[in-house]
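Next comes entry_1.cif, a file with mmCIF, C-alpha atoms.
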data_data
#
loop_
_atom_site.label_atom_id
_atom_site.label_comp_id
_atom_site.auth_asym_id
_atom_site.auth_seq_id
_atom_site.Cartn_x
_atom_site.Cartn_y
_atom_site.Cartn_z
CA MET A 34 130.82 91.52 98.88
CA PRO A 35 127.47 93.07 98.14
CA TYR A 36 124.89 91.82 95.69
CA VAL A 37 122.46 94.38 94.28
CA ASN A 38 119.42 93.58 92.18
CA ILE A 39 117.72 96.44 90.34
CA LYS A 40 114.30 95.77 88.84
CA ILE A 41 112.89 98.34 86.43
CA THR A 42 110.08 98.31 83.91
CA ARG A 43 111.29 97.53 80.37
CA GLU A 44 111.21 100.95 78.71
CA ASP A 45 114.21 101.42 76.46
CA ALA A 46 117.00 101.70 79.00
CA THR A 47 120.20 101.81 76.93
CA PRO A 48 123.40 99.85 77.60
CA ASP A 49 125.01 103.17 78.61
CA GLN A 50 122.29 103.87 81.15
CA LYS A 51 122.68 100.36 82.54
CA ALA A 52 126.44 100.88 82.78
CA ALA A 53 125.75 104.13 84.66
CA LEU A 54 123.53 102.26 87.13
CA ILE A 55 126.21 99.60 87.66
CA ARG A 56 128.92 102.22 88.13
CA GLY A 57 126.77 104.39 90.42
CA VAL A 58 125.61 101.61 92.73
CA THR A 59 129.13 100.22 93.03
CA ASP A 60 130.59 103.64 93.84
CA LEU A 61 127.88 104.17 96.44
CA LEU A 62 128.77 100.93 98.22
CA VAL A 63 132.43 101.93 98.24
CA GLU A 64 131.66 105.40 99.65
CA VAL A 65 129.11 104.41 102.27
CA LEU A 66 130.37 101.02 103.42
CA ASN A 67 133.89 100.80 102.02
CA LYS A 68 133.00 97.68 100.00
CA ASP A 69 135.42 96.19 97.49
CA PRO A 70 134.19 96.78 93.91
CA ALA A 71 135.88 93.55 92.78
CA THR A 72 133.34 91.58 94.83
CA THR A 73 130.32 93.79 94.22
CA PHE A 74 127.73 92.34 91.84
CA VAL A 75 124.91 94.32 90.27
CA VAL A 76 122.14 92.53 88.36
CA ILE A 77 119.53 94.50 86.40
CA ASP A 78 116.16 92.94 85.55
CA GLU A 79 113.90 94.61 83.03
CA VAL A 80 110.28 93.65 83.61
CA ALA A 81 107.60 93.87 80.91
CA LEU A 82 104.86 96.39 81.68
CA GLU A 83 102.21 93.66 81.82
CA ASP A 84 104.26 91.85 84.48
CA TRP A 85 104.53 94.80 86.89
CA GLY A 86 101.60 95.87 89.01
CA VAL A 87 101.02 98.83 91.28
CA GLY A 88 97.77 100.06 92.83
CA GLY A 89 96.25 96.70 91.92
CA LEU A 90 96.74 97.31 88.18
CA PRO A 91 99.32 96.51 85.51
CA VAL A 92 101.60 99.55 85.13
CA ALA A 93 100.25 100.68 81.75
CA GLU A 94 96.64 100.67 83.02
CA PHE A 95 97.75 102.33 86.29
CA ARG A 96 99.31 105.19 84.32
CA ARG A 97 96.26 105.61 82.10
CA GLN A 98 93.96 105.92 85.09
CA ARG A 99 96.25 108.34 86.91
CA LEU A 100 96.49 110.49 83.80
CA SER A 101 92.69 110.57 83.48
CA ALA A 102 92.37 111.49 87.16
CA ASP A 103 94.90 114.29 86.74
CA ARG A 104 92.95 115.68 83.81
CA LEU A 105 89.72 115.63 85.77
CA THR A 106 91.40 117.45 88.65
CA GLU A 107 92.86 120.06 86.36
CA SER A 108 89.67 120.78 84.46
CA MET B 242 111.14 72.35 100.98
CA PRO B 243 114.02 74.38 99.69
CA TYR B 244 113.91 76.96 96.95
CA VAL B 245 117.13 77.63 95.07
CA ASN B 246 117.68 80.43 92.57
CA ILE B 247 120.76 80.27 90.35
CA LYS B 248 121.67 83.39 88.40
CA ILE B 249 124.29 83.05 85.66
CA THR B 250 125.33 85.22 82.75
CA ARG B 251 123.64 84.18 79.48
CA GLU B 252 126.44 82.39 77.65
CA ASP B 253 125.11 79.34 75.85
CA ALA B 254 124.29 77.08 78.77
CA THR B 255 122.58 74.05 77.19
CA PRO B 256 119.41 72.34 78.43
CA ASP B 257 121.61 69.42 79.49
CA GLN B 258 123.85 71.68 81.57
CA LYS B 259 120.80 73.23 83.18
CA ALA B 260 119.44 69.76 83.95
CA ALA B 261 122.81 68.92 85.53
CA LEU B 262 122.56 72.02 87.75
CA ILE B 263 119.02 71.10 88.80
CA ARG B 264 120.03 67.52 89.55
CA GLY B 265 123.22 68.52 91.36
CA VAL B 266 121.66 71.15 93.62
CA THR B 267 118.79 68.85 94.51
CA ASP B 268 121.13 65.96 95.34
CA LEU B 269 123.22 68.33 97.47
CA LEU B 270 120.20 69.33 99.55
CA VAL B 271 119.29 65.69 100.06
CA GLU B 272 122.82 64.80 101.15
CA VAL B 273 123.53 67.75 103.40
CA LEU B 274 120.11 68.47 104.90
CA ASN B 275 118.05 65.40 104.05
CA LYS B 276 115.54 67.51 102.12
CA ASP B 277 112.76 65.91 100.08
CA PRO B 278 113.45 66.30 96.32
CA ALA B 279 109.71 66.35 95.62
CA THR B 280 109.48 69.72 97.36
CA THR B 281 112.79 71.16 96.20
CA PHE B 282 112.52 73.88 93.55
CA VAL B 283 115.42 75.14 91.47
CA VAL B 284 114.98 78.21 89.26
CA ILE B 285 117.73 79.26 86.84
CA ASP B 286 117.93 82.86 85.57
CA GLU B 287 120.18 83.70 82.66
CA VAL B 288 121.19 87.35 82.74
CA ALA B 289 122.35 89.27 79.65
CA LEU B 290 125.98 90.44 79.87
CA GLU B 291 124.92 94.10 79.75
CA ASP B 292 122.67 93.52 82.78
CA TRP B 293 125.37 92.07 85.05
CA GLY B 294 127.98 94.27 86.65
CA VAL B 295 131.11 93.53 88.64
CA GLY B 296 133.92 95.87 89.62
CA GLY B 297 131.66 98.77 88.65
CA LEU B 298 131.50 97.64 85.01
CA PRO B 299 129.23 95.54 82.81
CA VAL B 300 130.71 92.02 82.61
CA ALA B 301 131.93 92.27 79.00
CA GLU B 302 133.83 95.50 79.73
CA PHE B 303 135.12 94.07 83.03
CA ARG B 304 136.59 91.07 81.18
CA ARG B 305 138.18 93.25 78.50
CA GLN B 306 139.92 95.41 81.09
CA ARG B 307 141.10 92.43 83.11
CA LEU B 308 142.48 90.82 79.96
CA SER B 309 144.35 94.02 79.06
CA ALA B 310 145.76 94.26 82.58
CA ASP B 311 146.91 90.63 82.41
CA ARG B 312 148.70 91.32 79.15
CA LEU B 313 150.45 94.34 80.59
CA THR B 314 151.58 92.29 83.57
CA GLU B 315 152.87 89.49 81.39
CA SER B 316 154.79 91.71 79.00
CA MET C 140 130.09 85.01 88.02
CA PRO C 141 127.12 83.16 89.36
CA TYR C 142 124.92 84.19 92.25
CA VAL C 143 123.02 81.44 94.05
CA ASN C 144 120.36 81.97 96.69
CA ILE C 145 119.28 78.98 98.77
CA LYS C 146 116.15 79.34 100.87
CA ILE C 147 115.44 76.68 103.48
CA THR C 148 113.15 76.48 106.47
CA ARG C 149 114.92 77.38 109.73
CA GLU C 150 115.43 74.00 111.35
CA ASP C 151 118.83 73.83 113.04
CA ALA C 152 121.12 73.79 110.00
CA THR C 153 124.63 73.97 111.47
CA PRO C 154 127.48 76.20 110.24
CA ASP C 155 129.16 73.03 108.94
CA GLN C 156 126.10 72.08 106.93
CA LYS C 157 125.91 75.60 105.51
CA ALA C 158 129.60 75.42 104.59
CA ALA C 159 128.86 72.11 102.84
CA LEU C 160 126.09 73.74 100.82
CA ILE C 161 128.38 76.63 99.85
CA ARG C 162 131.17 74.24 98.86
CA GLY C 163 128.84 71.89 96.99
CA VAL C 164 127.04 74.53 94.95
CA THR C 165 130.30 76.23 94.03
CA ASP C 166 131.90 72.94 92.95
CA LEU C 167 128.80 72.16 90.88
CA LEU C 168 129.07 75.45 88.99
CA VAL C 169 132.74 74.77 88.30
CA GLU C 170 132.03 71.26 87.02
CA VAL C 171 128.98 71.98 84.92
CA LEU C 172 129.71 75.46 83.58
CA ASN C 173 133.39 76.01 84.33
CA LYS C 174 132.61 79.05 86.48
CA ASP C 175 135.31 80.77 88.54
CA PRO C 176 134.79 80.10 92.28
CA ALA C 177 136.35 83.49 93.11
CA THR C 178 133.33 85.20 91.58
CA THR C 179 130.68 82.74 92.70
CA PHE C 180 128.44 83.96 95.53
CA VAL C 181 126.14 81.74 97.56
CA VAL C 182 123.63 83.30 99.96
CA ILE C 183 121.60 81.12 102.33
CA ASP C 184 118.31 82.36 103.80
CA GLU C 185 116.71 80.51 106.66
CA VAL C 186 112.97 81.14 106.75
CA ALA C 187 110.86 80.70 109.90
CA LEU C 188 108.25 77.91 109.62
CA GLU C 189 105.39 80.40 109.98
CA ASP C 190 106.76 82.37 107.02
CA TRP C 191 106.84 79.45 104.57
CA GLY C 192 103.70 78.10 103.00
CA VAL C 193 102.98 75.06 100.85
CA GLY C 194 99.63 73.54 99.89
CA GLY C 195 97.99 76.75 101.11
CA LEU C 196 99.21 76.22 104.70
CA PRO C 197 102.15 77.27 106.85
CA VAL C 198 104.71 74.46 106.79
CA ALA C 199 104.11 73.24 110.36
CA GLU C 200 100.37 72.91 109.75
CA PHE C 201 101.00 71.32 106.32
CA ARG C 202 103.15 68.63 107.93
CA ARG C 203 100.61 67.94 110.67
CA GLN C 204 97.83 67.40 108.15
CA ARG C 205 99.97 65.21 105.92
CA LEU C 206 100.95 63.11 108.91
CA SER C 207 97.30 62.69 109.90
CA ALA C 208 96.40 61.73 106.34
CA ASP C 209 99.20 59.18 106.26
CA ARG C 210 97.93 57.62 109.48
CA LEU C 211 94.41 57.39 108.14
CA THR C 212 95.70 55.71 104.99
CA GLU C 213 97.77 53.25 106.95
CA SER C 214 95.03 52.27 109.38
CA MET D 135 108.74 102.28 89.66
CA PRO D 136 112.00 100.54 90.44
CA TYR D 137 112.61 97.98 93.13
CA VAL D 138 116.17 97.62 94.40
CA ASN D 139 117.40 94.90 96.73
CA ILE D 140 120.82 95.36 98.35
CA LYS D 141 122.34 92.35 100.08
CA ILE D 142 125.37 92.95 102.30
CA THR D 143 127.11 90.91 104.96
CA ARG D 144 125.97 91.81 108.48
CA GLU D 145 128.87 93.86 109.80
CA ASP D 146 127.63 96.80 111.83
CA ALA D 147 126.08 98.95 109.11
CA THR D 148 124.43 101.83 111.00
CA PRO D 149 120.94 103.24 110.37
CA ASP D 150 122.64 106.35 108.97
CA GLN D 151 124.65 104.28 106.50
CA LYS D 152 121.51 102.44 105.44
CA ALA D 153 119.72 105.76 104.96
CA ALA D 154 122.66 106.90 102.81
CA LEU D 155 122.31 103.76 100.65
CA ILE D 156 118.57 104.35 100.26
CA ARG D 157 119.10 108.00 99.38
CA GLY D 158 121.97 107.28 97.00
CA VAL D 159 120.29 104.51 95.04
CA THR D 160 117.10 106.52 94.71
CA ASP D 161 118.98 109.61 93.49
CA LEU D 162 120.85 107.43 90.99
CA LEU D 163 117.61 106.12 89.49
CA VAL D 164 116.29 109.67 89.18
CA GLU D 165 119.47 110.88 87.47
CA VAL D 166 120.02 107.96 85.11
CA LEU D 167 116.47 106.93 84.25
CA ASN D 168 114.32 109.81 85.49
CA LYS D 169 112.41 107.49 87.83
CA ASP D 170 109.93 108.87 90.35
CA PRO D 171 111.32 108.56 93.92
CA ALA D 172 107.79 108.18 95.29
CA THR D 173 107.53 104.79 93.59
CA THR D 174 111.12 103.67 94.12
CA PHE D 175 111.59 100.97 96.76
CA VAL D 176 114.91 99.98 98.27
CA VAL D 177 115.17 96.90 100.50
CA ILE D 178 118.39 96.12 102.36
CA ASP D 179 119.14 92.57 103.54
CA GLU D 180 121.95 91.95 105.99
CA VAL D 181 123.24 88.41 105.70
CA ALA D 182 125.12 86.63 108.51
CA LEU D 183 128.73 85.78 107.62
CA GLU D 184 128.03 82.05 107.90
CA ASP D 185 125.23 82.41 105.34
CA TRP D 186 127.35 84.08 102.64
CA GLY D 187 129.80 82.10 100.57
CA VAL D 188 132.44 83.11 98.06
CA GLY D 189 135.23 81.03 96.55
CA GLY D 190 133.46 77.94 97.88
CA LEU D 191 133.86 79.07 101.50
CA PRO D 192 131.85 80.98 104.10
CA VAL D 193 133.01 84.62 104.05
CA ALA D 194 134.90 84.53 107.36
CA GLU D 195 136.93 81.48 106.27
CA PHE D 196 137.46 82.99 102.81
CA ARG D 197 138.95 86.13 104.38
CA ARG D 198 141.21 84.13 106.69
CA GLN D 199 142.63 82.14 103.80
CA ARG D 200 143.15 85.20 101.62
CA LEU D 201 144.91 86.97 104.48
CA SER D 202 147.22 83.98 104.96
CA ALA D 203 147.96 83.87 101.24
CA ASP D 204 148.76 87.60 101.22
CA ARG D 205 151.21 87.11 104.08
CA LEU D 206 152.94 84.27 102.28
CA THR D 207 153.26 86.40 99.15
CA GLU D 208 154.66 89.34 101.06
CA SER D 209 157.24 87.40 103.03
CA MET E 268 104.42 99.05 101.13
CA PRO E 269 104.60 95.42 100.16
CA TYR E 270 106.57 93.94 97.32
CA VAL E 271 105.35 90.65 95.90
CA ASN E 272 107.21 88.52 93.36
CA ILE E 273 105.30 85.71 91.64
CA LYS E 274 107.32 83.17 89.70
CA ILE E 275 105.43 80.80 87.40
CA THR E 276 106.45 78.52 84.59
CA ARG E 277 105.98 80.13 81.16
CA GLU E 278 102.86 78.45 79.84
CA ASP E 279 100.66 80.93 78.04
CA ALA E 280 99.43 83.07 80.91
CA THR E 281 97.45 85.88 79.27
CA PRO E 282 97.67 89.60 80.10
CA ASP E 283 94.19 89.29 81.64
CA GLN E 284 95.30 86.46 83.90
CA LYS E 285 98.33 88.46 84.96
CA ALA E 286 96.10 91.45 85.69
CA ALA E 287 93.91 89.13 87.80
CA LEU E 288 96.97 88.01 89.79
CA ILE E 289 98.03 91.63 90.35
CA ARG E 290 94.53 92.63 91.42
CA GLY E 291 94.06 89.58 93.64
CA VAL E 292 97.36 89.84 95.50
CA THR E 293 96.90 93.56 96.07
CA ASP E 294 93.35 93.07 97.40
CA LEU E 295 94.62 90.32 99.69
CA LEU E 296 97.23 92.61 101.23
CA VAL E 297 94.60 95.28 101.79
CA GLU E 298 92.22 92.81 103.44
CA VAL E 299 94.69 90.95 105.63
CA LEU E 300 97.16 93.68 106.56
CA ASN E 301 95.41 96.92 105.57
CA LYS E 302 98.24 97.80 103.16
CA ASP E 303 97.94 100.78 100.81
CA PRO E 304 97.51 99.59 97.19
CA ALA E 305 99.29 102.72 95.93
CA THR E 306 102.53 101.42 97.43
CA THR E 307 102.02 97.73 96.72
CA PHE E 308 104.18 96.33 93.90
CA VAL E 309 103.60 92.99 92.21
CA VAL E 310 106.21 91.60 89.82
CA ILE E 311 105.49 88.46 87.79
CA ASP E 312 108.34 86.37 86.37
CA GLU E 313 107.64 83.71 83.79
CA VAL E 314 110.31 81.03 83.83
CA ALA E 315 111.03 78.74 80.87
CA LEU E 316 110.31 75.06 81.55
CA GLU E 317 113.98 74.13 81.10
CA ASP E 318 114.92 76.67 83.78
CA TRP E 319 112.62 75.32 86.49
CA GLY E 320 113.45 72.14 88.35
CA VAL E 321 111.52 70.03 90.83
CA GLY E 322 112.26 66.54 92.11
CA GLY E 323 115.77 66.94 90.66
CA LEU E 324 114.44 67.25 87.10
CA PRO E 325 113.47 70.02 84.69
CA VAL E 326 109.70 70.49 84.90
CA ALA E 327 108.88 68.94 81.50
CA GLU E 328 110.82 65.77 82.35
CA PHE E 329 109.34 65.73 85.87
CA ARG E 330 105.82 65.75 84.43
CA ARG E 331 106.61 63.01 81.90
CA GLN E 332 107.92 60.71 84.62
CA ARG E 333 105.00 61.41 86.94
CA LEU E 334 102.56 60.72 84.12
CA SER E 335 104.29 57.42 83.39
CA ALA E 336 104.22 56.50 87.06
CA ASP E 337 100.50 57.32 87.25
CA ARG E 338 99.81 55.08 84.27
CA LEU E 339 101.73 52.22 85.84
CA THR E 340 99.77 52.63 89.06
CA GLU E 341 96.45 52.70 87.23
CA SER E 342 97.15 49.71 85.06
CA MET F 196 104.55 75.07 90.49
CA PRO F 197 104.59 78.71 91.48
CA TYR F 198 106.89 80.39 93.94
CA VAL F 199 105.64 83.57 95.59
CA ASN F 200 107.73 85.87 97.76
CA ILE F 201 105.93 88.51 99.82
CA LYS F 202 108.02 91.24 101.40
CA ILE F 203 106.37 93.45 104.02
CA THR F 204 107.66 95.84 106.63
CA ARG F 205 107.99 94.22 110.07
CA GLU F 206 105.01 95.63 111.94
CA ASP F 207 103.40 92.97 114.09
CA ALA F 208 101.88 90.70 111.46
CA THR F 209 100.49 87.74 113.42
CA PRO F 210 100.89 84.05 112.53
CA ASP F 211 97.18 84.05 111.66
CA GLN F 212 97.60 86.95 109.25
CA LYS F 213 100.56 85.20 107.64
CA ALA F 214 98.50 82.03 107.28
CA ALA F 215 95.77 84.12 105.64
CA LEU F 216 98.31 85.48 103.14
CA ILE F 217 99.58 81.97 102.37
CA ARG F 218 96.04 80.66 101.94
CA GLY F 219 94.90 83.64 99.87
CA VAL F 220 97.82 83.66 97.44
CA THR F 221 97.59 79.91 96.94
CA ASP F 222 93.83 80.07 96.27
CA LEU F 223 94.41 82.90 93.81
CA LEU F 224 96.90 80.83 91.80
CA VAL F 225 94.45 77.93 91.71
CA GLU F 226 91.61 80.17 90.53
CA VAL F 227 93.48 82.22 87.95
CA LEU F 228 95.97 79.71 86.57
CA ASN F 229 94.72 76.35 87.83
CA LYS F 230 98.00 75.73 89.68
CA ASP F 231 98.43 72.76 92.01
CA PRO F 232 98.54 73.95 95.67
CA ALA F 233 100.80 71.00 96.55
CA THR F 234 103.57 72.58 94.49
CA THR F 235 102.87 76.20 95.33
CA PHE F 236 105.36 77.82 97.71
CA VAL F 237 104.81 81.11 99.51
CA VAL F 238 107.66 82.75 101.41
CA ILE F 239 107.05 85.82 103.57
CA ASP F 240 109.91 88.18 104.46
CA GLU F 241 109.45 90.78 107.14
CA VAL F 242 111.83 93.70 106.64
CA ALA F 243 112.86 96.07 109.46
CA LEU F 244 111.70 99.66 108.93
CA GLU F 245 115.28 100.92 108.74
CA ASP F 246 115.95 98.46 105.90
CA TRP F 247 113.08 99.59 103.67
CA GLY F 248 113.27 102.81 101.72
CA VAL F 249 110.74 104.73 99.66
CA GLY F 250 110.94 108.27 98.30
CA GLY F 251 114.67 108.18 99.07
CA LEU F 252 114.04 107.79 102.82
CA PRO F 253 113.77 104.96 105.32
CA VAL F 254 110.08 104.13 105.80
CA ALA F 255 109.76 105.65 109.29
CA GLU F 256 111.23 108.98 108.15
CA PHE F 257 109.13 108.87 104.96
CA ARG F 258 105.96 108.52 107.02
CA ARG F 259 106.94 111.34 109.39
CA GLN F 260 107.52 113.73 106.50
CA ARG F 261 104.30 112.77 104.74
CA LEU F 262 102.36 113.27 107.97
CA SER F 263 103.91 116.73 108.42
CA ALA F 264 103.07 117.61 104.82
CA ASP F 265 99.47 116.47 105.32
CA ARG F 266 99.14 118.67 108.40
CA LEU F 267 100.47 121.69 106.56
CA THR F 268 98.02 121.09 103.74
CA GLU F 269 95.11 120.74 106.12
CA SER F 270 95.86 123.81 108.19
#
How does this structure look as structure tokens?
Amino acid sequence: MPYVNIKITREDATPDQKAALIRGVTDLLVEVLNKDPATTFVVIDEVALEDWGVGGLPVAEFRRQRLSADRLTES
Amino acid sequence: MPYVNIKITREDATPDQKAALIRGVTDLLVEVLNKDPATTFVVIDEVALEDWGVGGLPVAEFRRQRLSADRLTES
Amino acid sequence: MPYVNIKITREDATPDQKAALIRGVTDLLVEVLNKDPATTFVVIDEVALEDWGVGGLPVAEFRRQRLSADRLTES
Amino acid sequence: MPYVNIKITREDATPDQKAALIRGVTDLLVEVLNKDPATTFVVIDEVALEDWGVGGLPVAEFRRQRLSADRLTES
Amino acid sequence: MPYVNIKITREDATPDQKAALIRGVTDLLVEVLNKDPATTFVVIDEVALEDWGVGGLPVAEFRRQRLSADRLTES
Amino acid sequence: MPYVNIKITREDATPDQKAALIRGVTDLLVEVLNKDPATTFVVIDEVALEDWGVGGLPVAEFRRQRLSADRLTES
């Protein structure tokens, strides 16, 4: 009876994409560990960009800086 | 100093029902493990139906299919 | 289909006490929100004292200091 | 940059099976949401049977009762 | 590659304050454990007052009662 | 009354380092959000290397491959 929690940044994931995640994770647990889908829960959390940090920065700022760095490297 | 997280689907739980959950879980921890209520946290998360999966399906779809199956069985 | 996670410090909770927590939380969700026990999960995590902090201190140290403070107040 | 937490009962999952879960979930997030594997974390928690409850019972007891019920139904 | 989840009550934390939490936690993990910021995730959850309980009460009620108790003590 | 959960790979963090994390996170929440340390919980989870995945691989394998890639680049 697995419980899976998927946290992603909130960026326009559609209900169909969420259904695909739920289906895919459940199938995976059946294939790999022979788990029963009827007792497999999947919970998706969408997290606002300002609430997710990586590299010590909120995601939006982190992406801006990485983009700038890439441009410097390329030029 | 327990920490309890309750995840439920978002389906019109009222503030009074939430208060009853908080009270009930805290009382339970006092009774069973003699925990101090002053350092017992309860956090309730309501999860949108499209973000909760069971049986490989989002909850709403899961319920529809189970209902259809029940009707087939009964007829 | 609720999911409940109970975190407690690891201090000799017995299997019977854990079963009482599982039973109690499940009953509570039935009473308050009419949830189906068959799709109610409860997961208990026991956390080592050195891995739990409160008041800026690991729990064991927190308790020692509070005990000392209590003695000072009483004397 | 997704974060995925998979909780399963502790029942002899091998390192290879865990690697298959990590690989499968990461691939799924690439396919469905075009996420970057380099910033996709997967954390697996194995939970002792006595710490996981369903139907108001610890898992081992839940399975025993369901097995008994199945036998009654079949006979 | 640490993952840190910070849960706070929803009470007007600003984007700048959240950025300060992300920065501070990441720096701390670098200092104490020499972790790589590039693979350090911080996720902040703001929880509505009615969804957070302490002392067996929702936070708002808990504060009201403590305030009343303080006034009684002072008078 | 914040709750902070820190997940790190299990790699010989000492009790003193854990205490430093607990102290540091608590101080940060006081500074940035004026939270009360007495109701600030910090829970540290150490996760076995085989249970943590990044880049679609368990951490140990991920590090081996990155190290090999670095050597190829350098030579």
_Evaluate the PyMOL selection byres ((chain D and resi 160) around 10) against this structure - the residues, as a ChimeraX atom specification, please._
/D:136-138,154-159,161-165,169-176 /F:248-252
The coordinates of chain A, once least-squares superposed on chain B over all sequentially paired C-alpha atoms, should be supplied as a short mmCIF file (atom, residue, chain, number, x, y, z; two decimals) with C-alpha atoms, keeping the file's coordinate frame.
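Output (superposed_15.cif):
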data_model
loop_
_atom_site.label_atom_id
_atom_site.label_comp_id
_atom_site.auth_asym_id
_atom_site.auth_seq_id
_atom_site.Cartn_x
_atom_site.Cartn_y
_atom_site.Cartn_z
CA MET A 34 111.15 72.35 101.00
CA PRO A 35 114.04 74.38 99.68
CA TYR A 36 113.92 76.97 96.94
CA VAL A 37 117.15 77.63 95.05
CA ASN A 38 117.68 80.43 92.56
CA ILE A 39 120.77 80.27 90.34
CA LYS A 40 121.67 83.39 88.38
CA ILE A 41 124.29 83.07 85.65
CA THR A 42 125.33 85.23 82.75
CA ARG A 43 123.64 84.21 79.47
CA GLU A 44 126.44 82.40 77.64
CA ASP A 45 125.11 79.35 75.85
CA ALA A 46 124.30 77.08 78.76
CA THR A 47 122.59 74.06 77.19
CA PRO A 48 119.41 72.35 78.44
CA ASP A 49 121.62 69.41 79.50
CA GLN A 50 123.86 71.67 81.56
CA LYS A 51 120.80 73.23 83.18
CA ALA A 52 119.44 69.76 83.95
CA ALA A 53 122.82 68.93 85.53
CA LEU A 54 122.58 72.03 87.74
CA ILE A 55 119.04 71.11 88.80
CA ARG A 56 120.04 67.52 89.54
CA GLY A 57 123.24 68.52 91.36
CA VAL A 58 121.68 71.15 93.61
CA THR A 59 118.79 68.85 94.51
CA ASP A 60 121.14 65.97 95.35
CA LEU A 61 123.23 68.31 97.48
CA LEU A 62 120.21 69.34 99.54
CA VAL A 63 119.29 65.70 100.06
CA GLU A 64 122.84 64.77 101.15
CA VAL A 65 123.54 67.74 103.41
CA LEU A 66 120.13 68.46 104.91
CA ASN A 67 118.06 65.40 104.07
CA LYS A 68 115.55 67.51 102.11
CA ASP A 69 112.78 65.92 100.07
CA PRO A 70 113.46 66.31 96.32
CA ALA A 71 109.71 66.35 95.63
CA THR A 72 109.49 69.73 97.38
CA THR A 73 112.80 71.16 96.20
CA PHE A 74 112.52 73.86 93.54
CA VAL A 75 115.42 75.14 91.46
CA VAL A 76 114.99 78.21 89.26
CA ILE A 77 117.73 79.27 86.82
CA ASP A 78 117.92 82.86 85.56
CA GLU A 79 120.17 83.71 82.65
CA VAL A 80 121.17 87.36 82.73
CA ALA A 81 122.34 89.27 79.65
CA LEU A 82 125.95 90.45 79.86
CA GLU A 83 124.90 94.11 79.74
CA ASP A 84 122.65 93.53 82.77
CA TRP A 85 125.36 92.07 85.04
CA GLY A 86 127.97 94.28 86.63
CA VAL A 87 131.09 93.54 88.63
CA GLY A 88 133.92 95.88 89.61
CA GLY A 89 131.65 98.77 88.66
CA LEU A 90 131.49 97.65 85.01
CA PRO A 91 129.22 95.55 82.80
CA VAL A 92 130.69 92.04 82.61
CA ALA A 93 131.92 92.28 79.01
CA GLU A 94 133.82 95.52 79.72
CA PHE A 95 135.11 94.08 83.03
CA ARG A 96 136.58 91.10 81.17
CA ARG A 97 138.17 93.29 78.50
CA GLN A 98 139.92 95.42 81.09
CA ARG A 99 141.11 92.43 83.10
CA LEU A 100 142.48 90.83 79.95
CA SER A 101 144.36 94.02 79.06
CA ALA A 102 145.76 94.22 82.60
CA ASP A 103 146.89 90.61 82.42
CA ARG A 104 148.69 91.28 79.16
CA LEU A 105 150.46 94.29 80.61
CA THR A 106 151.56 92.24 83.61
CA GLU A 107 152.83 89.44 81.43
CA SER A 108 154.78 91.62 79.04
#
*Would you list the contacts of Val186 (chain C) as a list in words, taking every protein, DNA or RNA residue within 7 Å and counting all atoms listed in the file, but skipping same-chain residues closer than 5 positions in sequence?*
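Listed by chain and then number, they are Lys146, Ile147, Thr148, Arg149 and Trp191 of chain C.
You can rank B:Phe303, B:Leu313, B:Ala254, B:Ile247 by their closest distance to Glu291 (chain B) using only C-alpha atoms, and at the top of that list sits B:Phe303.
Between CA of Lys259 (chain B) and CA of Asp318 (chain E) lies a distance of 6.8 Å.
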*With distances taken over only C-alpha atoms, which of D:Arg200, D:Val166, D:Ala153, D:Glu145 is nearest to chain A?*
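Going through D:Arg200, D:Val166, D:Ala153, D:Glu145 one by one, the smallest distance to chain A is for D:Val166.
Closest approach to chain A from the set B:Glu315, B:Pro299, B:Arg304, B:Ser309 is made by B:Pro299, with distances taken over all atoms listed in the file.
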_Separation of CA of Glu185 (chain C) from CA of Ala194 (chain D) in Å_ =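 Atom-to-atom, CA of Ala194 (chain D) to CA of Glu185 (chain C), that is 18.6 Å.
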*How many Å separate CA of Val300 (chain B) from CA of Asp286 (chain B)?*
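Interatomic distance, CA of Val300 (chain B) to CA of Asp286 (chain B): 16.0 Å.
The residue that comes closest to chain A, out of D:Leu183, D:Ala203, D:Val177, D:Met135 and on the basis of only C-alpha atoms, is D:Met135.
Ranking A:Thr47, A:Ala81, A:Leu66, A:Thr106 by their shortest atom-to-atom distance to chain E, with only C-alpha atoms included, puts A:Ala81 first.
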